[in-house]
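Below is the file input02.cif, which contains mmCIF, N, CA and C atoms.
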data_query
loop_
_atom_site.group_PDB
_atom_site.id
_atom_site.type_symbol
_atom_site.label_atom_id
_atom_site.label_comp_id
_atom_site.auth_asym_id
_atom_site.auth_seq_id
_atom_site.Cartn_x
_atom_site.Cartn_y
_atom_site.Cartn_z
ATOM 1 N N MET J 162 114.643 172.062 78.744
ATOM 2 C CA MET J 162 114.135 170.885 78.088
ATOM 3 C C MET J 162 114.328 169.692 79.020
ATOM 4 N N SER J 163 113.279 168.933 79.213
ATOM 5 C CA SER J 163 113.376 167.778 80.092
ATOM 6 C C SER J 163 113.257 166.491 79.278
ATOM 7 N N VAL J 164 113.805 165.456 79.833
ATOM 8 C CA VAL J 164 113.766 164.153 79.175
ATOM 9 C C VAL J 164 112.807 163.279 79.969
ATOM 10 N N HIS J 165 111.867 162.698 79.282
ATOM 11 C CA HIS J 165 110.896 161.799 79.910
ATOM 12 C C HIS J 165 111.185 160.377 79.459
ATOM 13 N N HIS J 166 111.262 159.500 80.413
ATOM 14 C CA HIS J 166 111.473 158.103 80.098
ATOM 15 C C HIS J 166 110.164 157.361 80.318
ATOM 16 N N CYS J 167 109.862 156.543 79.385
ATOM 17 C CA CYS J 167 108.655 155.723 79.501
ATOM 18 C C CYS J 167 109.081 154.329 79.932
ATOM 19 N N PHE J 168 108.691 153.945 81.125
ATOM 20 C CA PHE J 168 109.017 152.624 81.641
ATOM 21 C C PHE J 168 107.766 151.764 81.556
ATOM 22 N N GLU J 169 107.871 150.735 80.783
ATOM 23 C CA GLU J 169 106.752 149.811 80.678
ATOM 24 C C GLU J 169 106.957 148.687 81.672
ATOM 25 N N ALA J 170 105.861 148.184 82.166
ATOM 26 C CA ALA J 170 105.943 147.030 83.058
ATOM 27 C C ALA J 170 106.493 145.851 82.264
ATOM 28 N N GLU J 171 107.258 145.013 82.948
ATOM 29 C CA GLU J 171 107.782 143.838 82.266
ATOM 30 C C GLU J 171 106.627 142.937 81.881
ATOM 31 N N PRO J 172 106.730 142.292 80.724
ATOM 32 C CA PRO J 172 105.638 141.399 80.328
ATOM 33 C C PRO J 172 105.524 140.238 81.307
ATOM 34 N N PRO J 173 104.332 139.721 81.483
ATOM 35 C CA PRO J 173 104.166 138.603 82.410
ATOM 36 C C PRO J 173 104.991 137.402 81.935
ATOM 37 N N LEU J 174 105.459 136.638 82.883
ATOM 38 C CA LEU J 174 106.244 135.459 82.555
ATOM 39 C C LEU J 174 105.348 134.368 81.976
ATOM 40 N N GLU J 175 105.895 133.641 81.030
ATOM 41 C CA GLU J 175 105.204 132.467 80.511
ATOM 42 C C GLU J 175 105.430 131.315 81.498
ATOM 43 N N PRO J 176 104.488 130.392 81.591
ATOM 44 C CA PRO J 176 104.736 129.242 82.462
ATOM 45 C C PRO J 176 106.035 128.547 82.048
ATOM 46 N N ASN J 177 106.968 128.459 82.965
ATOM 47 C CA ASN J 177 108.279 127.907 82.634
ATOM 48 C C ASN J 177 108.731 126.824 83.608
ATOM 49 N N TYR J 178 107.857 126.442 84.529
ATOM 50 C CA TYR J 178 108.141 125.356 85.465
ATOM 51 C C TYR J 178 106.942 124.414 85.473
ATOM 52 N N THR J 179 107.210 123.135 85.719
ATOM 53 C CA THR J 179 106.148 122.145 85.837
ATOM 54 C C THR J 179 106.195 121.555 87.235
ATOM 55 N N VAL J 180 105.040 121.512 87.882
ATOM 56 C CA VAL J 180 104.906 120.915 89.205
ATOM 57 C C VAL J 180 104.202 119.573 89.012
ATOM 58 N N TYR J 181 104.869 118.512 89.417
ATOM 59 C CA TYR J 181 104.265 117.185 89.368
ATOM 60 C C TYR J 181 103.813 116.819 90.781
ATOM 61 N N VAL J 182 102.525 116.567 90.920
ATOM 62 C CA VAL J 182 101.966 116.150 92.200
ATOM 63 C C VAL J 182 102.014 114.626 92.227
ATOM 64 N N LEU J 183 102.695 114.086 93.240
ATOM 65 C CA LEU J 183 102.916 112.649 93.317
ATOM 66 C C LEU J 183 101.906 111.972 94.231
ATOM 67 N N GLY J 184 101.558 110.758 93.888
ATOM 68 C CA GLY J 184 100.680 109.955 94.726
ATOM 69 C C GLY J 184 101.502 109.209 95.769
ATOM 70 N N PRO J 185 100.838 108.471 96.653
ATOM 71 C CA PRO J 185 101.543 107.721 97.697
ATOM 72 C C PRO J 185 102.538 106.699 97.124
ATOM 73 N N ASP J 186 102.274 106.259 95.888
ATOM 74 C CA ASP J 186 103.160 105.297 95.243
ATOM 75 C C ASP J 186 104.335 105.961 94.527
ATOM 76 N N GLY J 187 104.398 107.293 94.587
ATOM 77 C CA GLY J 187 105.480 108.028 93.940
ATOM 78 C C GLY J 187 105.246 108.322 92.473
ATOM 79 N N LYS J 188 104.101 107.893 91.945
ATOM 80 C CA LYS J 188 103.777 108.156 90.544
ATOM 81 C C LYS J 188 103.056 109.490 90.412
ATOM 82 N N VAL J 189 103.198 110.095 89.249
ATOM 83 C CA VAL J 189 102.580 111.399 88.991
ATOM 84 C C VAL J 189 101.066 111.253 88.938
ATOM 85 N N ARG J 190 100.380 112.051 89.773
ATOM 86 C CA ARG J 190 98.907 112.086 89.771
ATOM 87 C C ARG J 190 98.394 113.177 88.854
ATOM 88 N N ARG J 191 99.092 114.312 88.847
ATOM 89 C CA ARG J 191 98.699 115.417 87.963
ATOM 90 C C ARG J 191 99.875 116.369 87.828
ATOM 91 N N ALA J 192 99.771 117.255 86.869
ATOM 92 C CA ALA J 192 100.815 118.258 86.637
ATOM 93 C C ALA J 192 100.183 119.630 86.540
ATOM 94 N N GLU J 193 100.916 120.622 87.016
ATOM 95 C CA GLU J 193 100.486 122.019 86.922
ATOM 96 C C GLU J 193 101.662 122.830 86.408
ATOM 97 N N TRP J 194 101.373 123.883 85.688
ATOM 98 C CA TRP J 194 102.410 124.738 85.157
ATOM 99 C C TRP J 194 102.364 126.072 85.873
ATOM 100 N N ILE J 195 103.539 126.563 86.238
ATOM 101 C CA ILE J 195 103.623 127.856 86.908
ATOM 102 C C ILE J 195 104.687 128.708 86.232
ATOM 103 N N ALA J 196 104.583 129.997 86.438
ATOM 104 C CA ALA J 196 105.566 130.949 85.925
ATOM 105 C C ALA J 196 106.313 131.544 87.103
ATOM 106 N N ALA J 197 107.619 131.586 86.995
ATOM 107 C CA ALA J 197 108.438 132.153 88.063
ATOM 108 C C ALA J 197 109.724 132.696 87.464
ATOM 109 N N ALA J 198 110.278 133.697 88.125
ATOM 110 C CA ALA J 198 111.504 134.341 87.641
ATOM 111 C C ALA J 198 112.756 133.574 88.046
ATOM 112 N N SER J 199 112.640 132.695 89.058
ATOM 113 C CA SER J 199 113.820 131.971 89.537
ATOM 114 C C SER J 199 113.382 130.659 90.185
ATOM 115 N N ASP J 200 114.361 129.788 90.436
ATOM 116 C CA ASP J 200 114.063 128.536 91.123
ATOM 117 C C ASP J 200 113.456 128.802 92.499
ATOM 118 N N ALA J 201 114.018 129.768 93.212
ATOM 119 C CA ALA J 201 113.520 130.087 94.554
ATOM 120 C C ALA J 201 112.063 130.550 94.500
ATOM 121 N N ASP J 202 111.736 131.389 93.537
ATOM 122 C CA ASP J 202 110.345 131.847 93.391
ATOM 123 C C ASP J 202 109.418 130.685 93.040
ATOM 124 N N ALA J 203 109.898 129.793 92.188
ATOM 125 C CA ALA J 203 109.082 128.650 91.789
ATOM 126 C C ALA J 203 108.846 127.716 92.973
ATOM 127 N N LEU J 204 109.882 127.453 93.760
ATOM 128 C CA LEU J 204 109.715 126.610 94.943
ATOM 129 C C LEU J 204 108.744 127.247 95.941
ATOM 130 N N ALA J 205 108.816 128.554 96.105
ATOM 131 C CA ALA J 205 107.884 129.253 96.995
ATOM 132 C C ALA J 205 106.453 129.125 96.476
ATOM 133 N N ALA J 206 106.279 129.185 95.166
ATOM 134 C CA ALA J 206 104.939 129.046 94.587
ATOM 135 C C ALA J 206 104.393 127.645 94.823
ATOM 136 N N VAL J 207 105.252 126.634 94.731
ATOM 137 C CA VAL J 207 104.806 125.261 94.998
ATOM 138 C C VAL J 207 104.395 125.128 96.460
ATOM 139 N N ARG J 208 105.189 125.679 97.369
ATOM 140 C CA ARG J 208 104.833 125.611 98.798
ATOM 141 C C ARG J 208 103.509 126.322 99.067
ATOM 142 N N ALA J 209 103.246 127.392 98.335
ATOM 143 C CA ALA J 209 102.004 128.154 98.516
ATOM 144 C C ALA J 209 100.777 127.373 98.055
ATOM 145 N N LEU J 210 100.975 126.314 97.271
ATOM 146 C CA LEU J 210 99.845 125.487 96.844
ATOM 147 C C LEU J 210 99.264 124.677 98.002
ATOM 148 N N HIS J 211 100.047 124.485 99.074
ATOM 149 C CA HIS J 211 99.629 123.714 100.250
ATOM 150 C C HIS J 211 99.081 122.352 99.844
ATOM 151 N N CYS J 212 99.855 121.682 99.011
ATOM 152 C CA CYS J 212 99.451 120.382 98.487
ATOM 153 C C CYS J 212 99.581 119.314 99.573
ATOM 154 N N ALA J 213 98.618 118.431 99.639
ATOM 155 C CA ALA J 213 98.634 117.358 100.632
ATOM 156 C C ALA J 213 99.550 116.211 100.212
ATOM 157 N N SER J 214 100.086 116.270 99.004
ATOM 158 C CA SER J 214 100.980 115.245 98.490
ATOM 159 C C SER J 214 102.352 115.848 98.217
ATOM 160 N N GLU J 215 103.340 114.970 98.123
ATOM 161 C CA GLU J 215 104.674 115.426 97.756
ATOM 162 C C GLU J 215 104.657 115.902 96.303
ATOM 163 N N CYS J 216 105.457 116.926 96.005
ATOM 164 C CA CYS J 216 105.530 117.479 94.659
ATOM 165 C C CYS J 216 106.981 117.521 94.194
ATOM 166 N N GLU J 217 107.154 117.410 92.892
ATOM 167 C CA GLU J 217 108.451 117.634 92.279
ATOM 168 C C GLU J 217 108.338 118.842 91.365
ATOM 169 N N LEU J 218 109.364 119.665 91.379
ATOM 170 C CA LEU J 218 109.395 120.853 90.534
ATOM 171 C C LEU J 218 110.457 120.651 89.466
ATOM 172 N N TRP J 219 110.062 120.869 88.228
ATOM 173 C CA TRP J 219 110.967 120.714 87.093
ATOM 174 C C TRP J 219 110.952 121.968 86.232
ATOM 175 N N GLN J 220 112.090 122.248 85.634
ATOM 176 C CA GLN J 220 112.175 123.269 84.588
ATOM 177 C C GLN J 220 112.749 122.557 83.381
ATOM 178 N N ARG J 221 111.898 122.339 82.413
ATOM 179 C CA ARG J 221 112.211 121.520 81.246
ATOM 180 C C ARG J 221 112.675 120.138 81.700
ATOM 181 N N ASN J 222 113.912 119.758 81.407
ATOM 182 C CA ASN J 222 114.391 118.429 81.796
ATOM 183 C C ASN J 222 115.282 118.464 83.041
ATOM 184 N N ARG J 223 115.222 119.552 83.799
ATOM 185 C CA ARG J 223 116.041 119.716 85.001
ATOM 186 C C ARG J 223 115.150 119.680 86.237
ATOM 187 N N ARG J 224 115.420 118.720 87.117
ATOM 188 C CA ARG J 224 114.657 118.661 88.368
ATOM 189 C C ARG J 224 115.216 119.717 89.315
ATOM 190 N N VAL J 225 114.345 120.627 89.745
ATOM 191 C CA VAL J 225 114.741 121.706 90.649
ATOM 192 C C VAL J 225 114.713 121.221 92.083
ATOM 193 N N GLY J 226 113.695 120.440 92.454
ATOM 194 C CA GLY J 226 113.627 119.939 93.815
ATOM 195 C C GLY J 226 112.311 119.273 94.123
ATOM 196 N N ARG J 227 112.248 118.762 95.339
ATOM 197 C CA ARG J 227 111.027 118.144 95.863
ATOM 198 C C ARG J 227 110.484 118.981 96.993
ATOM 199 N N VAL J 228 109.187 119.023 97.093
ATOM 200 C CA VAL J 228 108.530 119.758 98.177
ATOM 201 C C VAL J 228 107.660 118.755 98.928
ATOM 202 N N PRO J 229 107.899 118.620 100.238
ATOM 203 C CA PRO J 229 107.105 117.660 101.017
ATOM 204 C C PRO J 229 105.655 118.121 101.132
ATOM 205 N N PRO J 230 104.761 117.179 101.468
ATOM 206 C CA PRO J 230 103.361 117.561 101.638
ATOM 207 C C PRO J 230 103.184 118.573 102.762
ATOM 208 N N SER J 231 102.163 119.384 102.620
ATOM 209 C CA SER J 231 101.838 120.343 103.685
ATOM 210 C C SER J 231 101.154 119.596 104.824
ATOM 211 N N ALA J 232 101.369 120.093 106.006
ATOM 212 C CA ALA J 232 100.757 119.442 107.186
ATOM 213 C C ALA J 232 99.295 119.765 107.306
#

What would the structure in this file look like if it were written as structure tokens?
Amino acid sequence: MSVHHCFEAEPPLEPNYTVYVLGPDGKVRRAEWIAAASDADALAAVRALHCASECELWQRNRRVGRVPPSA
């Protein structure tokens, strides 16, 4: 008799981080929501956006960090 385990893929993450794209004056120009498993993954996702403006990454009311504009 053998035992079979059914492994389901983990459900997709809900958007749990907010990326604020800042203008030259430091004010928010727009916001985008991303889903990530960790702060490091979220920061990597922001860098992958190749935004020409500085961005701030937040998780709820906690600022995770700033990402400088892409060259």

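Separating atom C of Asn177 of chain J from atom CA of Leu210 of chain J is a distance of 16.0 Å.
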
* To do: Can you work out the spacing between atom N of Arg223 of chain J and atom N of Thr179 of chain J in Å, to one decimal?
  =>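 Calculated distance between atom N of Arg223 of chain J and atom N of Thr179 of chain J is 9.0 Å.
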
* To do: Name the residues of chain J that fall into alpha helix (DSSP H) according to DSSP on the backbone, using the chain letters and numbers of this document, as a ChimeraX atom specification.
  => /J:200-209

Polymer residues at most 12 Å from (100.5, 109.9, 94.1) by only C-alpha atoms, as a short mmCIF file (atom, residue, chain, number, x, y, z; two decimals) with N, CA and C atoms, in the coordinates of the input:
data_model
loop_
_atom_site.label_atom_id
_atom_site.label_comp_id
_atom_site.auth_asym_id
_atom_site.auth_seq_id
_atom_site.Cartn_x
_atom_site.Cartn_y
_atom_site.Cartn_z
N TYR J 181 104.87 118.51 89.42
CA TYR J 181 104.26 117.18 89.37
C TYR J 181 103.81 116.82 90.78
N VAL J 182 102.52 116.57 90.92
CA VAL J 182 101.97 116.15 92.20
C VAL J 182 102.01 114.63 92.23
N LEU J 183 102.70 114.09 93.24
CA LEU J 183 102.92 112.65 93.32
C LEU J 183 101.91 111.97 94.23
N GLY J 184 101.56 110.76 93.89
CA GLY J 184 100.68 109.96 94.73
C GLY J 184 101.50 109.21 95.77
N PRO J 185 100.84 108.47 96.65
CA PRO J 185 101.54 107.72 97.70
C PRO J 185 102.54 106.70 97.12
N ASP J 186 102.27 106.26 95.89
CA ASP J 186 103.16 105.30 95.24
C ASP J 186 104.34 105.96 94.53
N GLY J 187 104.40 107.29 94.59
CA GLY J 187 105.48 108.03 93.94
C GLY J 187 105.25 108.32 92.47
N LYS J 188 104.10 107.89 91.94
CA LYS J 188 103.78 108.16 90.54
C LYS J 188 103.06 109.49 90.41
N VAL J 189 103.20 110.10 89.25
CA VAL J 189 102.58 111.40 88.99
C VAL J 189 101.07 111.25 88.94
N ARG J 190 100.38 112.05 89.77
CA ARG J 190 98.91 112.09 89.77
C ARG J 190 98.39 113.18 88.85
N ARG J 191 99.09 114.31 88.85
CA ARG J 191 98.70 115.42 87.96
C ARG J 191 99.88 116.37 87.83
N ALA J 192 99.77 117.26 86.87
CA ALA J 192 100.82 118.26 86.64
C ALA J 192 100.18 119.63 86.54
N CYS J 212 99.86 121.68 99.01
CA CYS J 212 99.45 120.38 98.49
C CYS J 212 99.58 119.31 99.57
N ALA J 213 98.62 118.43 99.64
CA ALA J 213 98.63 117.36 100.63
C ALA J 213 99.55 116.21 100.21
N SER J 214 100.09 116.27 99.00
CA SER J 214 100.98 115.24 98.49
C SER J 214 102.35 115.85 98.22
N GLU J 215 103.34 114.97 98.12
CA GLU J 215 104.67 115.43 97.76
C GLU J 215 104.66 115.90 96.30
N CYS J 216 105.46 116.93 96.00
CA CYS J 216 105.53 117.48 94.66
C CYS J 216 106.98 117.52 94.19
N GLU J 217 107.15 117.41 92.89
CA GLU J 217 108.45 117.63 92.28
C GLU J 217 108.34 118.84 91.36
N PRO J 230 104.76 117.18 101.47
CA PRO J 230 103.36 117.56 101.64
C PRO J 230 103.18 118.57 102.76
#

* To do: Work out how far apart atom CA of His211 of chain J and atom CA of Ser231 of chain J are and give it in Å to one decimal.
  =>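 Separation of atom CA of His211 of chain J and atom CA of Ser231 of chain J: 5.3 Å.
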
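Here the strand (DSSP E or B) residues in segment 164-226 of chain J, by DSSP on the backbone, are J:Tyr178, J:Thr179, J:Val180, J:Tyr181, J:Val182, J:Leu183, J:Val189, J:Arg190, J:Arg191, J:Ala192, J:Glu193, J:Trp194, J:Ile195, J:Cys216, J:Glu217, J:Leu218, J:Trp219, J:Gln220, J:Arg223, J:Arg224, J:Val225, J:Gly226.
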
* Using the chain letters and numbers from the file, give me the residues hit by the PyMOL selection byres (((chain J and resi 175 and name CA) around 10) and name CA), as an MDAnalysis selection string. => chainID J and resid 172:174 176:178 194:198

* To do: Go through J:Arg208, J:Val180, J:Asp200, J:Glu193 and flag the residue nearest Pro229 of chain J, using all atoms listed in the file for the distances.
  => J:Arg208
